[in-house]
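See below for input.txt, which holds compact mmCIF, C-alpha atoms.
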# COMPACT_ATOMS: atom_id res chain seq x y z
CA MET A 1 122.94 174.02 -161.53
CA LEU A 2 121.25 173.54 -158.20
CA LYS A 3 118.30 175.68 -157.37
CA ILE A 4 118.22 177.30 -153.94
CA ILE A 5 115.12 176.12 -152.17
CA PRO A 6 113.60 178.54 -149.68
CA LYS A 7 113.51 177.04 -146.18
CA ASN A 8 109.83 177.33 -145.47
CA LYS A 9 108.53 176.27 -148.83
CA THR A 10 107.43 172.68 -149.35
CA ILE A 11 109.45 171.26 -152.17
CA ARG A 12 107.97 169.53 -155.13
CA ALA A 13 108.50 165.99 -156.21
CA GLN A 14 111.17 166.82 -158.78
CA GLU A 15 113.07 168.84 -156.26
CA ALA A 16 112.71 166.02 -153.79
CA ASP A 17 114.23 163.62 -156.33
CA LEU A 18 117.27 165.86 -156.61
CA LEU A 19 117.59 166.17 -152.88
CA ILE A 20 117.31 162.41 -152.41
CA GLU A 21 120.06 161.87 -154.91
CA LYS A 22 122.18 164.44 -153.14
CA TYR A 23 121.33 162.79 -149.81
CA TYR A 24 122.60 159.40 -150.95
CA GLU A 25 125.84 161.08 -152.00
CA GLY A 26 126.11 162.58 -148.55
CA MET A 27 126.11 166.13 -149.88
CA THR A 28 122.95 167.53 -148.37
CA THR A 29 123.02 170.35 -145.86
CA ARG A 30 121.01 170.27 -142.69
CA ALA A 31 118.48 172.68 -144.14
CA GLU A 32 118.07 170.50 -147.24
CA GLU A 33 117.55 167.40 -145.11
CA LYS A 34 114.88 169.22 -143.15
CA GLN A 35 113.18 170.09 -146.40
CA LEU A 36 113.36 166.48 -147.50
CA HIS A 37 111.93 165.28 -144.17
CA HIS A 38 109.13 167.79 -144.48
CA PHE A 39 108.33 166.60 -147.99
CA LEU A 40 108.35 162.91 -147.14
CA LYS A 41 106.02 163.45 -144.19
CA GLN A 42 103.20 164.20 -146.58
CA GLU A 43 100.53 161.64 -147.36
CA ASN A 44 99.64 160.40 -150.82
CA LEU A 45 103.11 160.72 -152.23
CA PRO A 46 104.03 158.76 -155.34
CA GLU A 47 105.08 155.18 -154.80
CA ARG A 48 108.68 155.88 -155.82
CA PHE A 49 109.18 157.73 -152.56
CA ALA A 50 108.17 154.68 -150.48
CA PRO A 51 111.77 153.52 -149.77
CA GLU A 52 112.77 156.99 -148.58
CA ARG A 53 109.66 157.27 -146.44
CA ALA A 54 110.47 153.90 -144.89
CA MET A 55 114.02 154.99 -144.28
CA PHE A 56 112.89 158.07 -142.47
CA GLY A 57 110.24 156.13 -140.53
CA TYR A 58 107.22 157.78 -141.96
CA PHE A 59 105.33 154.58 -142.62
CA ASP A 60 102.43 153.78 -140.45
CA SER A 61 103.78 150.45 -139.42
CA LYS A 62 101.27 148.30 -137.74
CA LYS A 63 102.99 148.03 -134.40
CA GLN A 64 101.79 145.28 -132.16
CA LYS A 65 100.20 146.52 -129.08
CA PRO A 66 102.73 145.80 -126.33
CA VAL A 67 101.57 143.57 -123.58
CA SER A 68 102.44 146.29 -121.19
CA VAL A 69 100.13 145.05 -118.47
CA MET A 70 100.98 141.37 -118.53
CA ILE A 71 104.79 141.52 -118.53
CA PRO A 72 105.10 143.53 -115.31
CA LEU A 73 102.47 141.29 -113.70
CA ILE A 74 104.34 138.10 -114.58
CA ARG A 75 107.60 139.65 -113.48
CA TRP A 76 106.24 140.69 -110.11
CA THR A 77 104.59 137.31 -109.63
CA SER A 78 107.89 135.54 -110.23
CA VAL A 79 109.65 137.91 -107.81
CA ALA A 80 106.99 137.22 -105.18
CA ALA A 81 107.26 133.47 -105.78
CA ALA A 82 111.06 133.70 -105.45
CA ILE A 83 110.77 135.52 -102.11
CA ILE A 84 108.22 133.03 -100.78
CA GLY A 85 110.40 130.13 -101.94
CA ILE A 86 113.47 131.56 -100.21
CA LEU A 87 111.52 132.15 -96.99
CA PHE A 88 110.14 128.61 -97.12
CA VAL A 89 113.55 127.01 -97.60
CA THR A 90 115.13 129.20 -94.91
CA ARG A 91 112.40 128.30 -92.45
CA LEU A 92 112.84 124.59 -93.12
CA ALA A 93 116.59 124.90 -92.63
CA ILE A 94 116.11 126.76 -89.33
CA ASN A 95 113.57 124.23 -88.12
CA GLU A 96 115.90 121.39 -88.92
CA LYS A 97 118.78 123.03 -87.09
CA GLN A 98 116.68 123.84 -84.04
CA SER A 99 115.12 120.41 -83.72
CA ASN A 100 116.40 119.71 -80.19
CA TYR A 101 113.71 119.30 -77.63
CA VAL A 102 112.25 117.06 -74.97
CA VAL A 103 108.57 116.62 -74.24
CA ILE A 104 107.85 115.57 -70.66
CA ASN A 105 104.22 114.85 -69.80
CA GLY A 106 103.13 116.96 -72.75
CA HIS A 107 105.33 119.97 -71.92
CA LYS A 108 108.08 120.92 -74.35
CA TYR A 109 111.57 121.99 -73.26
CA THR A 110 114.31 123.17 -75.60
CA ASP A 111 117.28 123.67 -73.29
CA THR A 112 119.98 121.58 -74.99
CA GLN A 113 121.52 120.47 -71.69
CA VAL A 114 118.17 119.19 -70.40
CA VAL A 115 117.49 117.48 -73.72
CA LYS A 116 120.86 115.70 -73.65
CA GLU A 117 120.35 114.60 -70.06
CA GLN A 118 117.02 113.06 -70.94
CA ALA A 119 118.54 111.40 -73.99
CA LEU A 120 121.27 109.80 -71.86
CA ALA A 121 118.64 108.76 -69.31
CA SER A 122 116.73 106.91 -72.01
CA LEU A 123 119.91 105.01 -72.89
CA GLU A 124 120.38 103.83 -69.31
CA THR A 125 117.58 101.30 -69.65
CA LEU A 126 119.50 99.69 -72.48
CA SER A 127 122.86 99.38 -70.79
CA ALA A 128 124.14 95.84 -70.74
CA SER A 129 127.01 93.75 -69.47
CA SER A 130 130.29 94.12 -71.34
CA ASP A 131 129.99 90.55 -72.70
CA GLU A 132 126.58 91.26 -74.07
CA VAL A 133 127.77 94.51 -75.63
CA GLU A 134 130.65 92.71 -77.31
CA LYS A 135 128.30 90.07 -78.62
CA CYS A 136 125.84 92.62 -80.01
CA ALA A 137 128.59 94.59 -81.70
CA LYS A 138 130.12 91.41 -83.02
CA ASP A 139 126.80 90.27 -84.49
CA LEU A 140 126.89 93.32 -86.72
CA ASN A 141 129.82 91.82 -88.52
CA ASP A 142 128.47 89.20 -90.93
CA GLU A 143 131.75 87.47 -91.54
CA ASP A 144 132.29 86.61 -87.90
CA LEU A 145 128.69 85.48 -87.55
CA ILE A 146 128.88 83.17 -90.55
CA ALA A 147 132.24 81.79 -89.45
CA SER A 148 130.96 81.06 -85.94
CA GLN A 149 127.88 79.31 -87.30
CA LEU A 150 129.89 77.23 -89.74
CA GLN A 151 132.20 76.22 -86.95
CA ILE A 152 129.37 74.22 -85.43
CA PHE A 153 129.38 71.95 -88.47
CA SER A 154 133.13 71.54 -88.52
CA GLU A 155 133.11 70.60 -84.81
CA ASN A 156 130.53 67.89 -85.46
CA ASP A 157 132.77 66.15 -88.02
CA MET B 1 120.47 138.52 -118.32
CA LEU B 2 117.09 137.86 -116.70
CA MET B 3 115.59 134.38 -116.88
CA LYS B 4 112.12 133.89 -118.27
CA PRO B 5 109.49 134.02 -115.52
CA ASN B 6 108.30 130.48 -116.27
CA LYS B 7 111.80 129.13 -115.73
CA ILE B 8 112.11 130.94 -112.42
CA ILE B 9 108.81 129.53 -111.16
CA TYR B 10 109.75 126.04 -112.31
CA LEU B 11 113.11 126.18 -110.54
CA LEU B 12 111.46 127.44 -107.37
CA LEU B 13 108.96 124.60 -107.36
CA LEU B 14 111.80 122.17 -107.87
CA ALA B 15 113.78 123.73 -105.02
CA MET B 16 110.80 123.57 -102.67
CA THR B 17 110.21 119.94 -103.53
CA PHE B 18 113.71 119.05 -102.51
CA ALA B 19 114.01 121.70 -99.85
CA GLY B 20 112.70 119.40 -97.17
CA SER B 21 115.97 117.79 -96.40
CA PRO B 22 115.85 113.99 -96.60
CA ARG B 23 116.93 113.97 -93.00
CA LEU B 24 113.70 115.60 -91.93
CA PHE B 25 111.72 112.75 -93.38
CA ALA B 26 114.22 109.92 -92.93
CA GLN B 27 112.37 108.39 -90.02
CA LYS B 28 108.94 109.18 -91.41
CA ASP B 29 109.16 106.24 -93.75
CA LEU B 30 109.27 103.90 -90.75
CA HIS B 31 106.27 102.61 -88.86
CA ILE B 32 107.87 103.52 -85.54
CA SER B 33 107.29 107.17 -86.42
CA GLN B 34 103.68 106.52 -85.48
CA VAL B 35 104.77 105.69 -81.93
CA PHE B 36 106.41 109.09 -81.54
CA GLU B 37 103.45 110.84 -83.12
CA GLN B 38 100.76 109.11 -81.08
CA TYR B 39 102.40 108.82 -77.68
CA GLY B 40 105.00 111.60 -77.67
CA LYS B 41 102.90 114.25 -75.95
CA ARG B 42 100.96 112.11 -73.52
CA LYS B 43 101.14 112.14 -69.78
CA GLY B 44 103.63 109.65 -68.39
CA THR B 45 105.80 109.93 -71.50
CA VAL B 46 109.21 111.44 -72.14
CA MET B 47 110.14 112.04 -75.77
CA VAL B 48 113.50 113.37 -76.89
CA GLU B 49 114.68 114.59 -80.27
CA LEU B 50 118.22 115.69 -81.02
CA THR B 51 119.37 116.68 -84.48
CA ASN B 52 123.02 116.99 -85.52
CA GLU B 53 124.23 116.95 -81.94
CA ALA B 54 126.96 115.19 -80.07
CA LEU B 55 125.92 112.75 -77.39
CA GLY B 56 128.81 111.32 -75.47
CA SER B 57 131.67 110.92 -77.89
CA TYR B 58 129.60 110.47 -81.03
CA ASN B 59 127.83 112.78 -83.36
CA PHE B 60 124.32 111.80 -84.26
CA SER B 61 122.49 113.04 -87.30
CA LEU B 62 119.28 112.18 -85.47
CA PHE B 63 118.53 110.78 -82.04
CA LYS B 64 114.94 110.17 -81.12
CA SER B 65 113.72 108.36 -78.05
CA ILE B 66 110.51 107.80 -76.18
CA ILE B 67 109.90 106.32 -72.75
CA ILE B 68 106.36 105.26 -71.93
CA ARG B 69 105.41 104.13 -68.46
CA ASN B 70 102.62 101.74 -67.46
CA ASP B 71 101.03 101.38 -70.88
CA PRO B 72 100.96 97.76 -72.14
CA ALA B 73 98.88 98.80 -75.16
CA ALA B 74 101.58 101.25 -76.20
CA ALA B 75 104.24 98.57 -75.82
CA LYS B 76 102.23 96.18 -77.98
CA PHE B 77 101.68 98.85 -80.61
CA THR B 78 105.41 99.61 -80.63
CA ARG B 79 106.34 95.97 -81.06
CA ASN B 80 103.93 95.71 -83.99
CA CYS B 81 105.52 98.74 -85.63
CA ILE B 82 108.99 97.30 -85.11
CA SER B 83 107.97 93.96 -86.62
CA ARG B 84 106.93 95.83 -89.78
CA ASP B 85 110.15 97.85 -89.87
CA GLU B 86 112.14 94.62 -89.49
CA GLN B 87 111.74 93.95 -93.20
CA GLY B 88 115.22 94.12 -94.68
CA ALA B 89 116.80 94.92 -91.32
CA LYS B 90 119.45 93.01 -89.42
CA LYS B 91 118.38 91.82 -86.00
CA ILE B 92 121.31 92.35 -83.68
CA LYS B 93 119.64 91.19 -80.51
CA GLN B 94 116.29 89.91 -79.33
CA VAL B 95 115.29 88.81 -75.87
CA VAL B 96 111.97 87.09 -75.38
CA ALA B 97 110.25 86.55 -72.06
CA ASN B 98 107.03 84.56 -71.82
CA GLY B 99 106.69 84.67 -75.59
CA VAL B 100 106.93 88.46 -75.70
CA PRO B 101 110.03 90.28 -77.02
CA THR B 102 111.40 92.48 -74.28
CA SER B 103 114.54 93.66 -76.05
CA ILE B 104 115.02 94.20 -79.78
CA TYR B 105 117.98 95.84 -81.45
CA LEU B 106 117.77 96.32 -85.20
CA GLN B 107 120.17 97.70 -87.76
CA LEU B 108 118.18 99.12 -90.66
CA PRO B 109 119.43 99.52 -94.23
CA ARG B 110 121.54 102.63 -94.64
CA LYS B 111 119.99 105.84 -95.84
CA GLY B 112 122.60 107.84 -97.73
CA LYS B 113 125.61 108.22 -95.45
CA ASP B 114 123.68 107.34 -92.29
CA ASN B 115 123.60 104.08 -90.42
CA ARG B 116 120.23 103.56 -88.71
CA LEU B 117 119.44 101.71 -85.53
CA ILE B 118 116.26 100.89 -83.65
CA LEU B 119 116.64 99.95 -80.00
CA TYR B 120 113.68 98.70 -77.99
CA ASN B 121 113.50 97.61 -74.40
CA GLU B 122 110.68 96.79 -72.03
CA SER B 123 111.25 96.33 -68.36
CA ALA B 124 108.76 95.15 -65.80
CA GLY B 125 108.84 95.83 -62.10
CA ASN B 126 106.82 98.14 -59.89
CA GLU B 127 106.06 100.00 -63.07
CA THR B 128 106.41 98.82 -66.66
CA ARG B 129 108.68 100.98 -68.71
CA MET B 130 109.05 100.83 -72.45
CA THR B 131 111.94 102.54 -74.24
CA LEU B 132 112.17 103.05 -77.98
CA ILE B 133 115.21 104.71 -79.53
CA TYR B 134 115.87 105.56 -83.15
CA ILE B 135 119.33 106.69 -84.22
CA GLU B 136 120.85 107.93 -87.44
CA THR B 137 124.60 108.36 -87.50
CA GLU B 138 127.47 108.48 -89.92
CA SER B 139 129.62 106.73 -87.32
CA ASP B 140 130.15 103.01 -87.46
CA SER B 141 127.20 101.11 -85.99
CA GLU B 142 129.44 98.73 -84.05
CA ASP B 143 131.30 101.54 -82.31
CA VAL B 144 128.09 103.42 -81.58
CA LEU B 145 126.44 100.37 -80.01
CA LYS B 146 129.43 99.75 -77.78
CA VAL B 147 129.25 103.29 -76.46
CA LEU B 148 125.49 103.40 -76.12
CA LEU B 149 125.12 100.07 -74.36
CA LYS B 150 128.04 100.42 -71.99
CA LYS B 151 126.83 100.18 -68.41
CA LYS B 152 126.75 103.63 -66.88

Mind converting the file's structure to structure tokens?
Amino acid sequence: MLKIIPKNKTIRAQEADLLIEKYYEGMTTRAEEKQLHHFLKQENLPERFAPERAMFGYFDSKKQKPVSVMIPLIRWTSVAAAIIGILFVTRLAINEKQSNYVVINGHKYTDTQVVKEQALASLETLSASSDEVEKCAKDLNDEDLIASQLQIFSEND
Amino acid sequence: MLMKPNKIIYLLLLAMTFAGSPRLFAQKDLHISQVFEQYGKRKGTVMVELTNEALGSYNFSLFKSIIIRNDPAAAKFTRNCISRDEQGAKKIKQVVANGVPTSIYLQLPRKGKDNRLILYNESAGNETRMTLIYIETESDSEDVLKVLLKKK
């Protein structure tokens, strides 16, 4: 026969044993569980209550001190590095795209039309006769060059 | 799921290393880059740089030219740079006058998809005029030369 345990009274070890048994069977009431919690909170309990104390989290586990300062610092550093990296790459890409300019007597101009005109002007000094152009372009082709040079030997036979 | 901070930093460093597009530094490996650097902003000089632009009927990845007037030392320096960049290149044309090359056209080894050309010309008259042109293009070198050298 189960004894009725007053709510505010701390139960004794024997009573706790009964309650624990009842708890494992899933038969305890909320009030009885509270009583059990209250009992297991106490220090210097017999060793047999150690599993139940662990289950209810009443052990003074030696928790490792969280590195609460370092983790946010590393995280923010990596975020900052990511932002700097993105800015750096973007700037390089923009610089590459905008690399159209002409420098005349030390003064820089970026108007694309002006730049192209100067570029074409620089090519004018290289313009050649059509024969010469054909010859230059032809010389790029190794096969023709080798064939023409070998022809000299075949003509001498 | 967040990546570990060390991995993020490592990837960023890797990205920044390769961020400088190869195109930016393609001509920097050549000795002629020194000509542009040293003489580009001087008086009596016109230096042009075009990147990823169309000139005439061809698209150039990079077009860089410099015209220097009345500076024999600059011309000599340029020829020295070209003679070093000749290593492994195909000489398309060379004209020599009084023992001095006055026209040199070189096709350099390809860099990625780009064909590379160096065109040099020196003309004498009332004023000496030296022209150095460096081109990178995905177009065929033969076709590009025909267009570039056509008399205007």

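Here atom CA of B:Gly125 stands at a distance of 10.1 Å from atom CA of B:Asn70.
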
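Picture a line from atom CA of A:Thr112 to atom CA of B:Val48; it runs 10.6 Å.
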
(message) Using all atoms listed in the file, which protein or nucleic acid residues come within 12 Å of B:Val96? Drop anything in the same chain fewer than 4 positions from it, and give the result as a PyMOL selection string.
(response) chain B and resi 79+100-104+121-123

Any chance you can output those residues with C-alpha atoms as a CSV table (one decimal), in the frame of the given file?
chain,number,residue,atom,x,y,z
B,79,ARG,CA,106.3,96.0,-81.1
B,100,VAL,CA,106.9,88.5,-75.7
B,101,PRO,CA,110.0,90.3,-77.0
B,102,THR,CA,111.4,92.5,-74.3
B,103,SER,CA,114.5,93.7,-76.0
B,104,ILE,CA,115.0,94.2,-79.8
B,121,ASN,CA,113.5,97.6,-74.4
B,122,GLU,CA,110.7,96.8,-72.0
B,123,SER,CA,111.2,96.3,-68.4

(message) Can you measure atom CA of B:Leu106 to atom CA of B:Lys93 for me? One decimal in Å is fine.
(response) 7.2 Å

(request) Name all residues at most 9 Å from A:Lys41 (count all atoms listed in the file; drop same-chain ones fewer than 3 positions away) and give them as an MDAnalysis selection string. (result) chainID A and resid 36:38 45 53 56 58

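Nearest to A:Met55 of all the residues A:Val115, A:Leu40, A:Leu126, A:Ile83 is A:Leu40, counting all atoms listed in the file.
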
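Distance check against chain A using all atoms listed in the file: of B:Ile92, B:Val35, B:Met130, B:Ala124, the minimum falls on B:Ile92.
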
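Taking all atoms listed in the file into account, chain B lies nearest to A:Ser99 out of the set A:Thr110, A:Ser99, A:Gln35, A:Ala121.
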
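If all atoms listed in the file are the atoms counted, then among A:Pro72, A:Glu47, A:Ile11, A:Gly106 the closest residue to B:Gly40 is A:Gly106.
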
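Nearest residue to B:Asp71 among B:Lys41, B:Leu148, B:Gly88, B:Thr128 is B:Thr128, counting only C-alpha atoms.
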
(request) Write out as an NGL selection string the residues lying within 12 Å of A:Gln113, counting all atoms listed in the file and excluding same-chain residues fewer than 5 positions away. (result) (:A and (100-102 or 118-120)) or (:B and (48 or 50 or 53-55))

Deliver the residues from the most recent selection as a file, using C-alpha atoms, as a JSON list (two decimals), keeping the file's coordinate frame.
[["chain", "number", "residue", "atom", "x", "y", "z"],
["A", 100, "ASN", "CA", 116.40, 119.71, -80.19],
["A", 101, "TYR", "CA", 113.71, 119.30, -77.63],
["A", 102, "VAL", "CA", 112.25, 117.06, -74.97],
["A", 118, "GLN", "CA", 117.02, 113.06, -70.94],
["A", 119, "ALA", "CA", 118.54, 111.40, -73.99],
["A", 120, "LEU", "CA", 121.27, 109.80, -71.86],
["B", 48, "VAL", "CA", 113.50, 113.37, -76.89],
["B", 50, "LEU", "CA", 118.22, 115.69, -81.02],
["B", 53, "GLU", "CA", 124.23, 116.95, -81.94],
["B", 54, "ALA", "CA", 126.96, 115.19, -80.07],
["B", 55, "LEU", "CA", 125.92, 112.75, -77.39]]

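Of the listed residues B:Ile118, B:Ala89, B:Ile66, B:Ile135, the one whose atoms come nearest to chain A is B:Ile66, with distances taken using only C-alpha atoms.
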